[in-house]
Each structure stands twice: as C-alpha cells, then as structure tokens.
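Data first, discussion second: the structure below is written as structure tokens.
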Amino acid sequence: MRKESDAHRVALVAIPGVRLFELAIAAEVFGVDRHDLVPDWYDFALVASTPSGETISHGITVPAGRGLDALRTADTVIIPASAEAHSGAPAELLLALRAAHARGARIAAICSGSFVLAEAGLLDGRRATTHWMHADELARRYPTVDVDPAVLYIHDGVWTSAGSAAGLDLCLELVRRDHGSAIANEIARRIVIPPHRDGGQAQYIRAAATGVGESAPRRDVYEWARRNLRAVTVAAMAEHLGISTRTLHRRFLDETGRPPQVWLQRLRLQSAAELLESTDLGLDAIARRAGLGTATNLRAQFAAVYGVPPAHYRRTFRPALEPASAGPGRAE
C-alpha cells in the first residue's frame with residue numbers, strides 16, 4: 001500500500017509522432033532531480049504508448065519500459081504534442097487515459113496532445129485549448145469541446161495547454177499547485193524563463209490566421225478598408241459595394257460569422273498590431289492610422305482582444321526597438 005509520504009508520480013507518455021521539444025518540457029520540469037528543493041520530488045517515468053516503444057525526431061527512441069501500466073498508479077499523466085495526434089491515438093492509450101481519469105489522476109496535455117484527450121472523451125463539455133494553428137480543427141472535429149484559442153493553458157477537470165512553450169507555463173502551474181509559488185518560481189529561475197507570462201496565446205496568433213482578410217465577402221472590400229481605416233465606417237463599406245447596410249450585415253454574418261462592425265474593429269486592431277511590430281510610431285499615431293481614435297481607446301481595445309497592453313506586445317515582438325525620442329506621434 002502506498003504511503004502518503006511517497007513522491008507524486010508523474011507519467012509522461014511518448015505517443016506516435018511525439019515532438020522532442022514538448023517531450024523534453026515535461027521531462028525538464030518533473031524528471032530532473034530537485035530533492036534540494038523538495039525532499040519528496042516527483043517520481044517521474046517516461047513511458048511509451050506501444051509495446052515496441054516510440055521513435056521520435058532525430059532518431060531518438062523511447063523504450064517501452066513499464067509502458068501504459070505506469071498509468072495505473074500515476075498521480076499525473078501528461079500527453080505531449082504529436083505530429084500524428086490529429087490522426088488518432090492507440091486504442092490502448094485511450095482506454096488507459098479513461099481509467100486513469102476515472103480513478104482521479106490528474107490528466108494534462110501539451111499542445112496537440114489535446115486531440116488525444118478529446119478522442120478519449122475527456123474533454124467533452126469542457127473548456128480546452130491547443131496550439132492556435134490547430135484550434136479550429138479541434139473545435140470542428142470535437143464539437144462538444146469548448147475550444148479557447150486565446151489562452152496559454154486551461155484547467156477544466158483536465159489540463160490543456162497552447163502550443164509548444166506554453167507547455168512550460170502549464171507544467172510550472174502544476175508545480176505551483178503541488179509545492180507552492182516559491183518552488184515554482186525557483187524552477188522557472190533555473191530554467192531561465194518567467195515564472196508567469198502575462199496575457200495569453202492571442203498575442204502570438206499570426207494576423208493572417210484571424211481570417212479577417214480572407215473572410216471578407218469580397219477581397220476588394222478588405223483592401224479598400226485597409227487603405228481607409230482612418231475614416232471607414234460600415235455605411236461607407238456598404239456604399240462602396242453598392243448595397244444597403246442591411247444587406248451588408250447579412251452578407252458578413254453569412255460569410256464571416258461576424259457583423260461588419262466587429263469585422264472592421266478586428267481589422268483595425270490587426271493593423272495596429274502590425275504597426276507596433278514594424279514601426280516606432282507612438283500609440284496616438286497608431287490609433288489614428290488604425291481608425292481607433294485615441295491611445296486610450298487603443299489600449300483598451302487591444303488588451304481586450306490580445307490579452308496584453310500594446311506596449312507589452314511591442315516589447316515581445318520588437319525587442320530590439322530603440323526607445324523613441326519624445327515628440328508628437330512617437331512617444332509612448
């Protein structure tokens with residue numbers, strides 16, 4: 001019988017097509033001996049999902065070892081990203097995950113590992129996330145899952161994280177839950193990463209992936225609106241197309257799933273993000289160019305969609321930017 005003082009058991013499962021980086025994330029956090037911090041550090045096991053083991057990138061192999069039997073006693077089970085996660089997981093793994101979850105084990109997925117949890121039925125009726133590039137596919141294939149592509153990780157009965165490095169954020173949060181913030185912060189220092197990142201995944205989504213341009217009822221509407229962001233309105237868009245505003249509204253709902261005013265606002269924010277990345281213009285100048293009026297409005301609208309203030313976004317995506325000299329249109 002297991003004693004309460006025994007270390008928390010973590011099973012990291014190598015699945016077909018597993019990605020080396022995501023596999024290494026959990027191994028670094030839970031598999032490195034850190035008894036200098038916590039006497040009962042994690043009892044870590046890297047196991048393969050098939051009896052023959054798994055081959056990952058660069059020819060590295062993970063032997064079968066205890067295999068899926070490790071999930072029977074694991075306190076935490078982690079499923080990393082895989083190039084084949086979209087095409088189905090081994091049936092034995094799905095059964096083992098369901099059994100582990102049923103007995104109360106903590107289940108977590110990194111990046112596209114969310115597809116495996118969804119296939120096992122563990123995300124039904126729950127909020128979940130995955131890499132922003134795969135979020136639409138996850139939502140389409142598993143309509144009972146409430147997919148949120150904007151966050152770094154989610155806990156809703158099970159744990160899921162956004163793409164790649166967001167797995168570090170998730171793993172640190174698990175350590176924080178188990179051993180407190182001081183230990184989690186020390187692990188972050190040793191790995192040399194922030195103990196907590198501001199905002200969510202939304203700030204990392206490539207502008208083109210928002211579909212703002214591609215989803216316009218006509219491509220020329222997108223191009224025309226971009227050229228006239230300072231003054232464009234929904235009424236002006238309708239006039240440009242030679243239709244009524246009611247017809248414009250109906251077309252946008254049918255073809256983009258958004259009212260035209262929402263589509264236009266996202267286009268303004270996309271333009272603002274591009275200017276933050278590519279220019280040293282101040283926030284007032286960017287707000288005017290994007291048709292957002294003032295820097296105050298830009299800050300509020302930008303943070304609501306991207307999850308971080310414009311200045312934070314600029315530091316993230318233009319870190320080499322020299323401080324702008326004070327002056328109209330330049331100072332932040």
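By order of appearance in the structure tokens: chains A, B, ..., then residues from 1 within every chain, and ligands from 1 in the order shown.
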Q. So which residues touch range 227-244 of chain A within 10 Å, counting only C-alpha atoms, skipping near sequence neighbours fewer than 4 positions away, as a ChimeraX atom specification?
A. /A:218,220-223,248-250,259-265,267-268,271,287-293
(Q) Report as a ChimeraX atom specification all protein, DNA and RNA residues lying within 10 Å of range 169-185 of chain A, evaluated on only C-alpha atoms, omitting residues in the same chain fewer than 5 positions from it. (A) /A:8,25-30,37-38,41-42,76,78,106,108-110,152-155,159-162,164,190-191,193-197
Q. If we count only C-alpha atoms, what is near Ile56 in chain A at a cut-off of 7 Å, once residues fewer than 3 positions away on the same chain are taken out, given as a count of residues only?
A. 7
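Per DSSP on the backbone, strand (DSSP E) in range 69-153 of chain A comprises Thr76, Val77, Ile78, Ile79, Arg106, Ile107, Ala108, Ala109, Arg127, Ala128, Asp146, Val147 and Tyr153 of chain A.
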Q) Nearest to Pro149 in chain A among A:Cys111, A:Val308, A:Ala89, A:Val116, with distances taken over only C-alpha atoms: which residue is it? A) A:Cys111
